[in-house]
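Taking it in order: structure first as structure tokens, then the write-up.
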Amino acid sequence: MPATYRSTPLYGGALICELPTHFADVSTIRQVPDNQEVYIDKDGFTSIVFDITERVGGPGSTPEIDGEALTTHLEDVVGDESDRTKVWNSATTHFSRVDETIPAYTLIATQAPRPGGAGGASASSPDFTAIILTLLRLEREKTDILITINVPHIKGEYDEDEVDLELGKQGKLIGDAVDYAAKIWESFKVKDWTLFKEV
């Protein structure tokens, strides 16, 4: 059954987009940094994180400048795990309700767990985590907006035969996350640009 969505205000309504109805606002459970909005799947392990950060890289927008920024942000997201992170593809992204002169990009990556269960890995730690990272570059506001969908794949919670990114097989969890991302690209809108002066 396809997910249902609801219009969700972010950052006090300064931003708005459609998110799946079965995702809950994490800030109602625990503290979330002011520059972040975090939503988690009530029925699973997937999370959607919005992050307003300072713009990375030099002025202007070229595939090289923006590509480097995307890589920098991915490294920030995965931290010291970057040696176990593999980027499968990246592409220019179109946001339907954002000025098309504002560049946006998305990449899909996977992150393998620490080998041998180091770092306190347990039976419930994922076989791997898929990451769908979208970057929206607001040069005038000196801001990058990151939208990260983290999709942990935990043994027994997904069909291993369905996932082989080398063969282009994403499986249900990543397929769902791609749908969530597409819905965000379609519905994401900035309602109050003064937000970026405050962050």
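Residues are referred to by chain and number: the chain letter is A, B, ... according to the order shown in the structure tokens, the number counts from 1 in that chain, and ligands are numbered separately from 1 in the order shown.
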Could you give me the residues within region 2-75 of chain A that DSSP places in strand (DSSP E), as a PyMOL selection string? chain A and resi 5-10+15-20+23-25+36-41+47-54
Create the file for the chosen residues now, containing N, CA and C atoms and written as a PDB file, in the first residue's frame.
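Result went into out32.pdb, see below:
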ATOM      1  N   TYR A   5       0.517  10.907   2.845  1.00  0.00           N
ATOM      2  CA  TYR A   5       1.363  12.043   3.229  1.00  0.00           C
ATOM      3  C   TYR A   5       0.518  13.135   3.848  1.00  0.00           C
ATOM      4  N   ARG A   6       1.176  13.947   4.653  1.00  0.00           N
ATOM      5  CA  ARG A   6       0.483  15.136   5.150  1.00  0.00           C
ATOM      6  C   ARG A   6       1.429  16.315   5.048  1.00  0.00           C
ATOM      7  N   SER A   7       0.850  17.481   4.828  1.00  0.00           N
ATOM      8  CA  SER A   7       1.625  18.713   4.748  1.00  0.00           C
ATOM      9  C   SER A   7       2.179  18.999   6.147  1.00  0.00           C
ATOM     10  N   THR A   8       3.497  19.122   6.239  1.00  0.00           N
ATOM     11  CA  THR A   8       4.158  19.213   7.536  1.00  0.00           C
ATOM     12  C   THR A   8       4.959  20.506   7.623  1.00  0.00           C
ATOM     13  N   PRO A   9       4.620  21.396   8.575  1.00  0.00           N
ATOM     14  CA  PRO A   9       5.412  22.603   8.733  1.00  0.00           C
ATOM     15  C   PRO A   9       6.742  22.274   9.418  1.00  0.00           C
ATOM     16  N   LEU A  10       7.811  22.873   8.928  1.00  0.00           N
ATOM     17  CA  LEU A  10       9.141  22.679   9.507  1.00  0.00           C
ATOM     18  C   LEU A  10       9.663  24.025   9.989  1.00  0.00           C
ATOM     19  N   LEU A  15       9.348  26.568   6.613  1.00  0.00           N
ATOM     20  CA  LEU A  15       9.415  25.635   5.495  1.00  0.00           C
ATOM     21  C   LEU A  15       8.225  24.690   5.620  1.00  0.00           C
ATOM     22  N   ILE A  16       7.827  24.144   4.496  1.00  0.00           N
ATOM     23  CA  ILE A  16       6.721  23.186   4.545  1.00  0.00           C
ATOM     24  C   ILE A  16       6.978  22.126   3.489  1.00  0.00           C
ATOM     25  N   CYS A  17       6.600  20.896   3.783  1.00  0.00           N
ATOM     26  CA  CYS A  17       6.659  19.850   2.761  1.00  0.00           C
ATOM     27  C   CYS A  17       5.779  18.694   3.200  1.00  0.00           C
ATOM     28  N   GLU A  18       5.551  17.787   2.281  1.00  0.00           N
ATOM     29  CA  GLU A  18       4.721  16.619   2.577  1.00  0.00           C
ATOM     30  C   GLU A  18       5.614  15.506   3.101  1.00  0.00           C
ATOM     31  N   LEU A  19       5.247  14.967   4.258  1.00  0.00           N
ATOM     32  CA  LEU A  19       5.970  13.834   4.832  1.00  0.00           C
ATOM     33  C   LEU A  19       4.990  12.685   5.047  1.00  0.00           C
ATOM     34  N   PRO A  20       5.512  11.460   5.070  1.00  0.00           N
ATOM     35  CA  PRO A  20       4.618  10.318   5.279  1.00  0.00           C
ATOM     36  C   PRO A  20       3.904  10.436   6.627  1.00  0.00           C
ATOM     37  N   PHE A  23       5.309   8.899   9.972  1.00  0.00           N
ATOM     38  CA  PHE A  23       6.562   9.391  10.556  1.00  0.00           C
ATOM     39  C   PHE A  23       6.232  10.358  11.690  1.00  0.00           C
ATOM     40  N   ALA A  24       6.982  10.264  12.780  1.00  0.00           N
ATOM     41  CA  ALA A  24       6.732  11.095  13.962  1.00  0.00           C
ATOM     42  C   ALA A  24       7.858  12.104  14.143  1.00  0.00           C
ATOM     43  N   ASP A  25       7.496  13.250  14.670  1.00  0.00           N
ATOM     44  CA  ASP A  25       8.453  14.315  14.950  1.00  0.00           C
ATOM     45  C   ASP A  25       9.271  13.917  16.189  1.00  0.00           C
ATOM     46  N   GLN A  36      17.932  21.596  13.073  1.00  0.00           N
ATOM     47  CA  GLN A  36      17.478  20.322  12.530  1.00  0.00           C
ATOM     48  C   GLN A  36      15.996  20.083  12.794  1.00  0.00           C
ATOM     49  N   GLU A  37      15.399  19.310  11.901  1.00  0.00           N
ATOM     50  CA  GLU A  37      14.075  18.719  12.127  1.00  0.00           C
ATOM     51  C   GLU A  37      14.249  17.235  11.814  1.00  0.00           C
ATOM     52  N   VAL A  38      13.818  16.379  12.718  1.00  0.00           N
ATOM     53  CA  VAL A  38      14.030  14.942  12.543  1.00  0.00           C
ATOM     54  C   VAL A  38      12.694  14.214  12.669  1.00  0.00           C
ATOM     55  N   TYR A  39      12.417  13.371  11.693  1.00  0.00           N
ATOM     56  CA  TYR A  39      11.196  12.557  11.704  1.00  0.00           C
ATOM     57  C   TYR A  39      11.607  11.101  11.584  1.00  0.00           C
ATOM     58  N   ILE A  40      10.925  10.231  12.347  1.00  0.00           N
ATOM     59  CA  ILE A  40      11.286   8.814  12.317  1.00  0.00           C
ATOM     60  C   ILE A  40      10.043   7.968  12.051  1.00  0.00           C
ATOM     61  N   ASP A  41      10.264   6.882  11.319  1.00  0.00           N
ATOM     62  CA  ASP A  41       9.192   5.959  10.961  1.00  0.00           C
ATOM     63  C   ASP A  41       8.705   5.260  12.229  1.00  0.00           C
ATOM     64  N   SER A  47      14.690   7.222   9.047  1.00  0.00           N
ATOM     65  CA  SER A  47      14.513   8.588   9.558  1.00  0.00           C
ATOM     66  C   SER A  47      14.731   9.590   8.437  1.00  0.00           C
ATOM     67  N   ILE A  48      14.060  10.734   8.571  1.00  0.00           N
ATOM     68  CA  ILE A  48      14.208  11.836   7.618  1.00  0.00           C
ATOM     69  C   ILE A  48      14.705  13.031   8.430  1.00  0.00           C
ATOM     70  N   VAL A  49      15.856  13.578   8.031  1.00  0.00           N
ATOM     71  CA  VAL A  49      16.471  14.668   8.780  1.00  0.00           C
ATOM     72  C   VAL A  49      16.608  15.887   7.871  1.00  0.00           C
ATOM     73  N   PHE A  50      16.081  17.013   8.316  1.00  0.00           N
ATOM     74  CA  PHE A  50      16.284  18.296   7.628  1.00  0.00           C
ATOM     75  C   PHE A  50      17.342  19.051   8.425  1.00  0.00           C
ATOM     76  N   ASP A  51      18.287  19.627   7.731  1.00  0.00           N
ATOM     77  CA  ASP A  51      19.415  20.258   8.395  1.00  0.00           C
ATOM     78  C   ASP A  51      19.730  21.559   7.658  1.00  0.00           C
ATOM     79  N   ILE A  52      19.685  22.667   8.360  1.00  0.00           N
ATOM     80  CA  ILE A  52      20.059  23.948   7.751  1.00  0.00           C
ATOM     81  C   ILE A  52      21.482  24.258   8.196  1.00  0.00           C
ATOM     82  N   THR A  53      22.394  24.305   7.240  1.00  0.00           N
ATOM     83  CA  THR A  53      23.801  24.497   7.578  1.00  0.00           C
ATOM     84  C   THR A  53      24.362  25.667   6.785  1.00  0.00           C
ATOM     85  N   GLU A  54      25.549  26.070   7.199  1.00  0.00           N
ATOM     86  CA  GLU A  54      26.248  27.123   6.461  1.00  0.00           C
ATOM     87  C   GLU A  54      26.660  26.569   5.101  1.00  0.00           C
TER      88      GLU A  54
END
Non-local contacts of region 79-82 of chain A (10 Å; only C-alpha atoms; under 4 positions in same chain excluded) as a ChimeraX atom specification: /A:73-75,86,111-114
Taking only C-alpha atoms into account, which of A:Lys183, A:Asp34, A:Lys191, A:Ile65 comes nearest Pro2 (chain A)?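 Closest residue, counting only C-alpha atoms: A:Lys183.
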Could you pull out the residues in region 1-195 of chain A that DSSP calls alpha helix (DSSP H) from the backbone, as number ranges by chain? A: 63-78, 171-187, 195
From A:Tyr158, A:Thr106, A:Ala130, A:Ser125, residue lying nearest Ala182 (chain A) [only C-alpha atoms]: A:Thr106
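Remark: for Asp76 (chain A), the closest of the candidate residues A:Ala104, A:Leu138, A:Val151, A:Val56 is A:Val56 (distances computed over only C-alpha atoms).
Contact shell of Ile132 (chain A) at 9 Å (only C-alpha atoms; same-chain neighbours under 5 positions omitted): Thr106, Leu107, Ile108, Ala109, Thr110, Ile147, Thr148, Ile149, Asn150, Val151, Ile174, Ala177, Val178 and Ala181 of chain A.
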Selection to disk with N, CA, C and O atoms, as a PDB file, in the first residue's frame:
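What follows is the written file again-v3.pdb:
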ATOM      1  N   THR A 106      21.072  15.186  -5.472  1.00  0.00           N
ATOM      2  CA  THR A 106      20.791  14.066  -4.576  1.00  0.00           C
ATOM      3  C   THR A 106      21.788  12.958  -4.853  1.00  0.00           C
ATOM      4  O   THR A 106      22.145  12.712  -6.012  1.00  0.00           O
ATOM      5  N   LEU A 107      22.239  12.302  -3.789  1.00  0.00           N
ATOM      6  CA  LEU A 107      23.046  11.107  -3.979  1.00  0.00           C
ATOM      7  C   LEU A 107      22.454   9.968  -3.164  1.00  0.00           C
ATOM      8  O   LEU A 107      21.736  10.185  -2.185  1.00  0.00           O
ATOM      9  N   ILE A 108      22.739   8.764  -3.611  1.00  0.00           N
ATOM     10  CA  ILE A 108      22.380   7.568  -2.856  1.00  0.00           C
ATOM     11  C   ILE A 108      23.682   6.873  -2.481  1.00  0.00           C
ATOM     12  O   ILE A 108      24.541   6.633  -3.342  1.00  0.00           O
ATOM     13  N   ALA A 109      23.831   6.602  -1.193  1.00  0.00           N
ATOM     14  CA  ALA A 109      25.035   5.943  -0.702  1.00  0.00           C
ATOM     15  C   ALA A 109      24.627   4.825   0.245  1.00  0.00           C
ATOM     16  O   ALA A 109      23.494   4.782   0.728  1.00  0.00           O
ATOM     17  N   THR A 110      25.560   3.932   0.491  1.00  0.00           N
ATOM     18  CA  THR A 110      25.348   2.927   1.529  1.00  0.00           C
ATOM     19  C   THR A 110      26.547   2.955   2.456  1.00  0.00           C
ATOM     20  O   THR A 110      27.680   3.253   2.039  1.00  0.00           O
ATOM     21  N   ILE A 147      18.699  17.376   3.213  1.00  0.00           N
ATOM     22  CA  ILE A 147      17.590  16.492   3.558  1.00  0.00           C
ATOM     23  C   ILE A 147      18.146  15.077   3.440  1.00  0.00           C
ATOM     24  O   ILE A 147      18.490  14.625   2.345  1.00  0.00           O
ATOM     25  N   THR A 148      18.276  14.410   4.575  1.00  0.00           N
ATOM     26  CA  THR A 148      18.900  13.090   4.607  1.00  0.00           C
ATOM     27  C   THR A 148      17.869  12.053   5.022  1.00  0.00           C
ATOM     28  O   THR A 148      17.218  12.207   6.060  1.00  0.00           O
ATOM     29  N   ILE A 149      17.710  11.029   4.201  1.00  0.00           N
ATOM     30  CA  ILE A 149      16.854   9.911   4.579  1.00  0.00           C
ATOM     31  C   ILE A 149      17.785   8.732   4.873  1.00  0.00           C
ATOM     32  O   ILE A 149      18.525   8.285   3.999  1.00  0.00           O
ATOM     33  N   ASN A 150      17.785   8.310   6.132  1.00  0.00           N
ATOM     34  CA  ASN A 150      18.629   7.200   6.573  1.00  0.00           C
ATOM     35  C   ASN A 150      17.781   5.941   6.630  1.00  0.00           C
ATOM     36  O   ASN A 150      16.726   5.940   7.276  1.00  0.00           O
ATOM     37  N   VAL A 151      18.259   4.884   5.983  1.00  0.00           N
ATOM     38  CA  VAL A 151      17.467   3.662   5.879  1.00  0.00           C
ATOM     39  C   VAL A 151      18.299   2.466   6.372  1.00  0.00           C
ATOM     40  O   VAL A 151      18.968   1.797   5.582  1.00  0.00           O
ATOM     41  N   ILE A 174      14.532   0.942   0.473  1.00  0.00           N
ATOM     42  CA  ILE A 174      15.138   2.050  -0.284  1.00  0.00           C
ATOM     43  C   ILE A 174      14.124   2.598  -1.281  1.00  0.00           C
ATOM     44  O   ILE A 174      14.015   3.808  -1.469  1.00  0.00           O
ATOM     45  N   ALA A 177      11.967   4.903   0.487  1.00  0.00           N
ATOM     46  CA  ALA A 177      12.693   6.138   0.817  1.00  0.00           C
ATOM     47  C   ALA A 177      12.839   7.035  -0.409  1.00  0.00           C
ATOM     48  O   ALA A 177      12.750   8.264  -0.313  1.00  0.00           O
ATOM     49  N   VAL A 178      13.045   6.418  -1.577  1.00  0.00           N
ATOM     50  CA  VAL A 178      13.117   7.201  -2.823  1.00  0.00           C
ATOM     51  C   VAL A 178      11.771   7.885  -3.070  1.00  0.00           C
ATOM     52  O   VAL A 178      11.718   9.057  -3.477  1.00  0.00           O
ATOM     53  N   ALA A 181      11.570  10.838  -0.777  1.00  0.00           N
ATOM     54  CA  ALA A 181      12.422  11.925  -1.290  1.00  0.00           C
ATOM     55  C   ALA A 181      11.713  12.633  -2.446  1.00  0.00           C
ATOM     56  O   ALA A 181      11.657  13.868  -2.494  1.00  0.00           O
TER      57      ALA A 181
END
Quick check, in Å to one decimal: how far apart do CA of Gly44 (chain A) and CA of Gln170 (chain A) lie?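 Between these atoms lies a distance of 17.0 Å.
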For Pro152 (chain A), which of A:Gly67, A:Pro33, A:Gly58, A:Pro126 is the closest residue, counting only C-alpha atoms?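 Of A:Gly67, A:Pro33, A:Gly58, A:Pro126, the one nearest Pro152 (chain A), counting only C-alpha atoms, is A:Pro126.
The shortest atom-to-atom distance to Val77 (chain A), with only C-alpha atoms taken into account, belongs to A:Leu146 out of A:Tyr105, A:Leu136, A:Val26, A:Leu146.
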What gap, in Å, lies between CA of Thr62 (chain A) and CA of Trp185 (chain A)?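 So the two atoms, CA of Thr62 (chain A) and CA of Trp185 (chain A), lie 20.6 Å apart.
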Give me the residues near Arg55 (chain A) as a PyMOL selection string, where near means some atom within 6 Å (using only C-alpha atoms) and where sequence neighbours in that chain fewer than 6 positions away do not count. chain A and resi 142-144
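Atom pair CA of Tyr11 (chain A) / CA of Asp43 (chain A) has a distance of 24.3 Å (rounded to one decimal).
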So, counting only C-alpha atoms, which residue among A:Gly57, A:Trp88, A:Lys189, A:Thr72 is closest to Leu167 (chain A)? A:Trp88
